[in-house]
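Below: the structure, in C-alpha cells.
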Amino acid sequence: MTFAEKLRNARKQAGISQEMLAEKLCVSRQAVTKWETEMGLPDIANMMAISKLFNISVDEFLAKEKEASIRKGYLYESNTEYDIDGSKHFDIKLGGTNELKVYGVESEKVVVRLGSNTLENIAQCFKTKIDDIKGRIDIDVNRQNKMTEAAAKEELFIEVFLPKKYLSSIEIEANARTIFMNNLDCPHIEFQGKTSFFYINDVNGRLEIDSGSDVNFCVSEFSGSLEINQIYSTSRLSVPSGFKFRSVVKGIKTSVTFEDDGTAVEDFSDKDADTVIEFNGMKSELVIFHAK
C-alpha cells in the first residue's frame, strides 16, 4: 500500500474529510488531494504532523516508498540514453525535482527518465544533456521555455539508471523533496543540495551527503561510510533493528542522540562495527532510531 492509500485510509477511518485534514495541518485542500492521488509527498513538517495526528510512524507511512524499485510509469515521459564503454566519474546536475531515484543497473547504458503526470509537453520544458569527456560523464537536466524551479519541484520526477560495473565515483546536485538511492556499489558517492526525505537501500561504499535542510534519512541496507554534513539543522535517521554501525561525531556544536520507540535511550551503536555513520557540521543535531 502506498503512502497515498495509507493516508486516505487513515483519514477515512478517523472520519474526517480532506477539508478537515487540511485545516488541521494548515494547508490547502488541494495539497491533501495531491498527496492522496500520488502526485507528491508532504514536506518533513507536514509528514511529522500527519504521523502524530494518526498515531502512525513516518516509517510505516512510507514503507512502500522505501521499498519501491522502478516506478510503474508516468502519463508523460522523456527518456535520454547513452552507451558507456568503461569506468567513469559521473557528474550529475539536476536542479529542482519532486522526486529523484538513482539506480545501479546491470546494463551498459546510462538512462535519464523524466516523468510527470501533469506536464504534457515535458520534452519542451526540460532538456537532458549527456556529455562523455575523458573518463567523466556529465549529466545535466536544464529547464527551458519559462519552466520555473518551483514548478519543477511540484511536477517533475527524475529516474537515473547508472551501469554498476562502470561506477568509479558519483557526484549529484539536486533540490528534491524525496531521494531514493538503490542498488549502488561505488567507492564514493556525493550528494549536495536540499531534500526532506533520503532513502538508502542496498548501497555499498562511501556516501557523503551535504544538505542544508532538516532531513529524514532512512537506511534499509548499507555498508561502508555514511557521512552526513549539515549546518543549523535537526535531522532524523532510521536504521533496521540489528543494523550494526559505528557512530562518529565531528564539527562544532554537533550532537548525535538515540531513540527507541520514540523514547531517548543510550547509545546503541557498536564501536567495533565496520560500517560508519559520521555526523559533521555546525550547530546541528541527528537523532538515530530503530525503524519499526
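The chains in the C-alpha cells are called A, B, ... from first to last as shown; in each chain the residues are counted from 1, and the ligands are counted from 1 in the order shown.
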(Q) What's around Val27 of chain A at 12 Å? Count only C-alpha atoms, leave out sequence neighbours fewer than 5 positions away in its own chain, and write the answer as a VMD selection string. (A) chain A and resid 18 to 22 32 to 35 42 to 43 45 to 46 49 to 50
Would you mind listing what lies within 7 Å of segment 168-182 of chain A as a JSON list (two decimals) with N, CA, C and O atoms, in the first residue's frame, with only C-alpha atoms counted and same-chain residues fewer than 4 positions away left out?
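Here's the written file result-v1.json:
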```json
[["chain", "number", "residue", "atom", "x", "y", "z"],
["A", 87, "SER", "N", 34.99, 2.50, -17.14],
["A", 87, "SER", "CA", 34.78, 3.12, -15.83],
["A", 87, "SER", "C", 34.74, 4.64, -15.95],
["A", 87, "SER", "O", 35.57, 5.24, -16.65],
["A", 88, "LYS", "N", 33.79, 5.27, -15.27],
["A", 88, "LYS", "CA", 33.58, 6.71, -15.40],
["A", 88, "LYS", "C", 33.30, 7.36, -14.05],
["A", 88, "LYS", "O", 32.77, 6.73, -13.13],
["A", 89, "HIS", "N", 33.66, 8.64, -13.96],
["A", 89, "HIS", "CA", 33.17, 9.50, -12.90],
["A", 89, "HIS", "C", 31.91, 10.18, -13.44],
["A", 89, "HIS", "O", 31.91, 10.73, -14.55],
["A", 90, "PHE", "N", 30.82, 10.14, -12.65],
["A", 90, "PHE", "CA", 29.55, 10.71, -13.08],
["A", 90, "PHE", "C", 29.30, 12.01, -12.33],
["A", 90, "PHE", "O", 29.24, 12.03, -11.09],
["A", 91, "ASP", "N", 29.17, 13.10, -13.07],
["A", 91, "ASP", "CA", 28.87, 14.41, -12.51],
["A", 91, "ASP", "C", 27.46, 14.77, -12.95],
["A", 91, "ASP", "O", 27.21, 15.06, -14.13],
["A", 92, "ILE", "N", 26.51, 14.74, -12.00],
["A", 92, "ILE", "CA", 25.09, 14.83, -12.33],
["A", 92, "ILE", "C", 24.49, 16.08, -11.69],
["A", 92, "ILE", "O", 24.49, 16.22, -10.46],
["A", 93, "LYS", "N", 23.97, 16.98, -12.50],
["A", 93, "LYS", "CA", 23.34, 18.21, -12.02],
["A", 93, "LYS", "C", 21.90, 18.24, -12.52],
["A", 93, "LYS", "O", 21.65, 18.27, -13.73],
["A", 94, "LEU", "N", 20.95, 18.23, -11.58],
["A", 94, "LEU", "CA", 19.55, 18.02, -11.96],
["A", 94, "LEU", "C", 18.63, 19.18, -11.64],
["A", 94, "LEU", "O", 17.52, 19.24, -12.15],
["A", 95, "GLY", "N", 19.02, 20.08, -10.78],
["A", 95, "GLY", "CA", 18.13, 21.18, -10.43],
["A", 95, "GLY", "C", 16.97, 20.72, -9.58],
["A", 95, "GLY", "O", 17.05, 19.74, -8.83],
["A", 96, "GLY", "N", 15.84, 21.41, -9.68],
["A", 96, "GLY", "CA", 14.68, 21.11, -8.86],
["A", 96, "GLY", "C", 13.86, 19.95, -9.40],
["A", 96, "GLY", "O", 13.67, 19.82, -10.61],
["A", 97, "THR", "N", 13.37, 19.09, -8.50],
["A", 97, "THR", "CA", 12.51, 17.98, -8.87],
["A", 97, "THR", "C", 11.72, 17.54, -7.65],
["A", 97, "THR", "O", 12.18, 17.68, -6.51],
["A", 98, "ASN", "N", 10.56, 17.00, -7.88],
["A", 98, "ASN", "CA", 9.75, 16.49, -6.76],
["A", 98, "ASN", "C", 10.41, 15.26, -6.16],
["A", 98, "ASN", "O", 10.54, 15.14, -4.94],
["A", 99, "GLU", "N", 10.85, 14.36, -7.02],
["A", 99, "GLU", "CA", 11.40, 13.09, -6.55],
["A", 99, "GLU", "C", 12.55, 12.66, -7.46],
["A", 99, "GLU", "O", 12.47, 12.77, -8.67],
["A", 100, "LEU", "N", 13.62, 12.17, -6.85],
["A", 100, "LEU", "CA", 14.78, 11.67, -7.58],
["A", 100, "LEU", "C", 15.05, 10.24, -7.15],
["A", 100, "LEU", "O", 15.15, 9.95, -5.95],
["A", 101, "LYS", "N", 15.18, 9.35, -8.13],
["A", 101, "LYS", "CA", 15.57, 7.97, -7.87],
["A", 101, "LYS", "C", 16.82, 7.65, -8.67],
["A", 101, "LYS", "O", 16.87, 7.91, -9.88],
["A", 102, "VAL", "N", 17.82, 7.11, -7.99],
["A", 102, "VAL", "CA", 19.07, 6.74, -8.64],
["A", 102, "VAL", "C", 19.28, 5.24, -8.45],
["A", 102, "VAL", "O", 19.30, 4.76, -7.31],
["A", 103, "TYR", "N", 19.43, 4.52, -9.56],
["A", 103, "TYR", "CA", 19.56, 3.07, -9.53],
["A", 103, "TYR", "C", 20.89, 2.64, -10.14],
["A", 103, "TYR", "O", 21.32, 3.19, -11.15],
["A", 104, "GLY", "N", 21.49, 1.60, -9.55],
["A", 104, "GLY", "CA", 22.55, 0.89, -10.24],
["A", 104, "GLY", "C", 21.95, -0.26, -11.02],
["A", 104, "GLY", "O", 21.11, -1.00, -10.50],
["A", 153, "LYS", "N", 9.76, 21.44, -8.94],
["A", 153, "LYS", "CA", 9.71, 20.76, -7.64],
["A", 153, "LYS", "C", 8.34, 20.17, -7.36],
["A", 153, "LYS", "O", 8.20, 19.27, -6.53],
["A", 186, "CYS", "N", 29.67, 1.65, -5.16],
["A", 186, "CYS", "CA", 30.54, 2.68, -5.73],
["A", 186, "CYS", "C", 31.48, 3.20, -4.63],
["A", 186, "CYS", "O", 31.03, 3.45, -3.51],
["A", 187, "PRO", "N", 32.77, 3.37, -4.94],
["A", 187, "PRO", "CA", 33.72, 3.83, -3.91],
["A", 187, "PRO", "C", 33.33, 5.15, -3.26],
["A", 187, "PRO", "O", 33.52, 5.32, -2.04],
["A", 188, "HIS", "N", 32.79, 6.09, -4.03],
["A", 188, "HIS", "CA", 32.46, 7.40, -3.47],
["A", 188, "HIS", "C", 31.25, 7.98, -4.18],
["A", 188, "HIS", "O", 31.26, 8.17, -5.39],
["A", 189, "ILE", "N", 30.21, 8.27, -3.40],
["A", 189, "ILE", "CA", 29.02, 8.94, -3.89],
["A", 189, "ILE", "C", 28.84, 10.20, -3.06],
["A", 189, "ILE", "O", 28.88, 10.16, -1.83],
["A", 190, "GLU", "N", 28.65, 11.32, -3.73],
["A", 190, "GLU", "CA", 28.46, 12.58, -3.02],
["A", 190, "GLU", "C", 27.17, 13.26, -3.49],
["A", 190, "GLU", "O", 26.95, 13.39, -4.69],
["A", 191, "PHE", "N", 26.36, 13.67, -2.53],
["A", 191, "PHE", "CA", 25.14, 14.44, -2.84],
["A", 191, "PHE", "C", 25.24, 15.81, -2.21],
["A", 191, "PHE", "O", 25.58, 15.95, -1.03],
["A", 192, "GLN", "N", 24.91, 16.84, -2.99],
["A", 192, "GLN", "CA", 24.82, 18.20, -2.49],
["A", 192, "GLN", "C", 23.48, 18.79, -2.90],
["A", 192, "GLN", "O", 23.07, 18.67, -4.06],
["A", 193, "GLY", "N", 22.79, 19.41, -1.95],
["A", 193, "GLY", "CA", 21.52, 20.03, -2.27],
["A", 193, "GLY", "C", 20.58, 20.00, -1.09],
["A", 193, "GLY", "O", 20.99, 19.88, 0.06],
["A", 194, "LYS", "N", 19.29, 20.09, -1.40],
["A", 194, "LYS", "CA", 18.27, 20.07, -0.37],
["A", 194, "LYS", "C", 17.29, 18.94, -0.61],
["A", 194, "LYS", "O", 16.96, 18.62, -1.75],
["A", 195, "THR", "N", 16.83, 18.33, 0.48],
["A", 195, "THR", "CA", 15.83, 17.28, 0.40],
["A", 195, "THR", "C", 15.17, 17.14, 1.75],
["A", 195, "THR", "O", 15.74, 17.53, 2.78],
["A", 196, "SER", "N", 13.97, 16.58, 1.78],
["A", 196, "SER", "CA", 13.27, 16.32, 3.04],
["A", 196, "SER", "C", 13.36, 14.86, 3.44],
["A", 196, "SER", "O", 13.38, 14.54, 4.63],
["A", 197, "PHE", "N", 13.41, 13.96, 2.45],
["A", 197, "PHE", "CA", 13.46, 12.52, 2.72],
["A", 197, "PHE", "C", 14.56, 11.90, 1.86],
["A", 197, "PHE", "O", 14.60, 12.11, 0.65],
["A", 198, "PHE", "N", 15.40, 11.11, 2.50],
["A", 198, "PHE", "CA", 16.52, 10.49, 1.79],
["A", 198, "PHE", "C", 16.55, 9.01, 2.18],
["A", 198, "PHE", "O", 16.82, 8.66, 3.32],
["A", 199, "TYR", "N", 16.28, 8.14, 1.19],
["A", 199, "TYR", "CA", 16.21, 6.70, 1.42],
["A", 199, "TYR", "C", 17.41, 5.99, 0.80],
["A", 199, "TYR", "O", 17.76, 6.25, -0.35],
["A", 200, "ILE", "N", 18.01, 5.11, 1.58],
["A", 200, "ILE", "CA", 19.23, 4.41, 1.17],
["A", 200, "ILE", "C", 18.97, 2.92, 1.24],
["A", 200, "ILE", "O", 18.75, 2.36, 2.33],
["A", 201, "ASN", "N", 19.01, 2.25, 0.10],
["A", 201, "ASN", "CA", 18.72, 0.82, 0.06],
["A", 201, "ASN", "C", 19.74, 0.10, -0.80],
["A", 201, "ASN", "O", 19.94, 0.44, -1.97],
["A", 202, "ASP", "N", 20.43, -0.87, -0.22],
["A", 202, "ASP", "CA", 21.41, -1.69, -0.94],
["A", 202, "ASP", "C", 22.50, -0.81, -1.56],
["A", 202, "ASP", "O", 22.75, -0.87, -2.77],
["A", 203, "VAL", "N", 23.15, -0.01, -0.72],
["A", 203, "VAL", "CA", 24.23, 0.87, -1.16],
["A", 203, "VAL", "C", 25.51, 0.45, -0.44],
["A", 203, "VAL", "O", 25.51, 0.20, 0.77]]
```
Q) What's the 7 Å shell around Lys250 of chain A, counting only C-alpha atoms, without same-chain residues fewer than 3 positions away, as a ChimeraX atom specification? A) /A:254,279-281
Q: Find the spatial neighbours of Ser17 of chain A, counting only C-alpha atoms, within a cut-off of 10 Å - ignore same-chain residues fewer than 6 positions away - and output them as a ChimeraX atom specification.
A: /A:8,11,23,29,32
(Q) Excluding segment 231-235 of chain A and its own-chain neighbours fewer than 6 positions away, which residues fall within 8 Å of it when counting only C-alpha atoms? Please give them as a ChimeraX atom specification. (A) /A:212-217,281-287
Q: Please report, as a PyMOL selection string, each residue of segment 74-212 of chain A to which DSSP assigns strand (DSSP E or B) when run on this structure's backbone.
A: chain A and resi 76-83+88-105+109-116+126-133+136-143+157-163+167-194+197-211
Q | Nearby residues (only C-alpha atoms) at most 9 Å from Leu226 of chain A, same-chain spacing under 6 positions excluded, as a PyMOL selection string | A | chain A and resi 205-209+275-279
Q.
Residues within 12 Å of Leu156 of chain A, please, as a VMD selection string. Count only C-alpha atoms; anything in the same chain fewer than 4 positions from it doesn't count.
A. chain A and resid 39 to 40 74 to 78 94 to 101 113 to 123 125 to 126 141 to 143 147 to 152 175 to 178
Q. Could you pull out all residues of segment 33-241 of chain A with a DSSP call of helix (DSSP H, G or I) and give them as a VMD selection string?
A. chain A and resid 33 to 36 44 to 54 58 to 61 63 to 67 122 to 125 149 to 155 164 to 166
